[in-house]
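Asker: This is the structure I want to talk about, given as structure tokens.
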Amino acid sequence: FPFCGSVLVAVNPYKRLPYFEKEDMKKYIGRRLGIDPPHIFAIAEAAYDNIRSGDEQQSQSILISGESGAGKTECTRFILHYLANVTHSPTWVVSQILEAGVVLEAFGNAKTVRNTNSSRFGKYLQVCFDKNFRIVGARLEDYLLEQSRITRQAP
């Protein structure tokens, strides 16, 4: 994971790596971006810090982009788990947010050369916090990608 400013470039290793556990999350809590080694948790911490810090509390956006099978869904999960951990939000709230994405994907995924479950949708996920900065819910919007390639429903 190299940083390029506040941009994190991640490559999907197509296997589970031991860098995404609670012990790894603890390394980034309260830390400024760029102090520690690049990680998806550092990006999540920077966004969360900007939401809750000072008089200039600001909405934050994290753009996750990549080709089919690049790990976009996994990155989203890592960010949500990180935010749930640092905010001490109920785990059932995060579980429901993640499960909503799974239901949405069931209606628009396709098999590709690199990914047996490739989404045909783009997703916009807005995470909602309460006044104590705990996750209380989310809003998930989807939009159709590559509409020109859709010809018919598979049998």
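To be explicit about the labels: the chains of the structure tokens are called A, B, and onward in the order shown, and within each one the residues are counted from 1, while ligands get numbers from 1 in the order they are shown.
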Near A:Ala70, within 10 Å and counting only C-alpha atoms, which residues show up once chain neighbours fewer than 3 positions away are dropped, as JSON, numbers by chain?

Answerer: {"A": [10, 11, 12, 13, 14, 64, 65, 66, 67, 73, 74, 75, 114, 115]}

Asker: As a list in words, please: the residues near A:Ala138 (cut-off 12 Å, only C-alpha atoms, same-chain neighbours under 5 positions excluded).

Answerer: Leu80, Val93, Val94, Ser95, Gln96, Ile97, Leu98, Glu99, Ala100, Gly101, Tyr124, Leu125, Gln126, Val127, Cys128, Phe129 and Asp130 of chain A

Asker: Give me the residues within 12 Å of A:Ser6 as a PyMOL selection string, counting only C-alpha atoms and dropping any in the same chain fewer than 6 places off.

Answerer: chain A and resi 32-35+38-40+42-47+61-63

Asker: Looking only at the backbone, which of the residues in stretch 34-68 of chain A does DSSP tag as helix (DSSP H, G or I), as number ranges by chain?

Answerer: A: 40-52

Asker: Name all residues at most 12 Å from A:Asn85 (count only C-alpha atoms; drop same-chain ones fewer than 4 positions away) and give them as a list of chain:residue names.

Answerer: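 Listed by chain and then number, they are A:Glu21, A:Lys22, A:Glu23, A:Asp24, A:Met25, A:Lys26, A:Tyr28, A:Ile29, A:Phe41, A:Ala44, A:Glu45, A:Tyr48, A:Phe78, A:Ile79, A:Leu80, A:His81, A:Ser89, A:Pro90, A:Thr91, A:Val93, A:Val94, A:Phe133, A:Arg134, A:Ile135.
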
Asker: Keeping only C-alpha atoms, take the residues you just selected and write them out as a short mmCIF file (atom, residue, chain, number, x, y, z; two decimals), in the first residue's frame.

Answerer:
data_model
loop_
_atom_site.label_atom_id
_atom_site.label_comp_id
_atom_site.auth_asym_id
_atom_site.auth_seq_id
_atom_site.Cartn_x
_atom_site.Cartn_y
_atom_site.Cartn_z
CA GLU A 21 -7.17 -7.49 12.53
CA LYS A 22 -8.16 -5.42 15.58
CA GLU A 23 -4.50 -5.20 16.60
CA ASP A 24 -3.78 -3.54 13.25
CA MET A 25 -6.67 -1.12 13.75
CA LYS A 26 -5.23 0.01 17.08
CA TYR A 28 -3.96 3.84 13.42
CA ILE A 29 -6.40 5.16 16.04
CA PHE A 41 -7.19 2.00 8.18
CA ALA A 44 -10.49 5.64 7.44
CA GLU A 45 -8.90 7.29 10.50
CA TYR A 48 -13.15 10.01 10.81
CA PHE A 78 -12.38 -2.89 6.14
CA ILE A 79 -13.34 0.79 6.43
CA LEU A 80 -16.72 0.00 8.01
CA HIS A 81 -15.18 -2.43 10.47
CA SER A 89 -20.78 1.37 17.40
CA PRO A 90 -23.04 -1.64 17.76
CA THR A 91 -21.78 -4.46 15.54
CA VAL A 93 -25.57 -1.84 12.74
CA VAL A 94 -22.44 -2.47 10.67
CA PHE A 133 -19.94 10.10 16.41
CA ARG A 134 -21.18 6.50 16.57
CA ILE A 135 -22.54 4.80 13.47
#
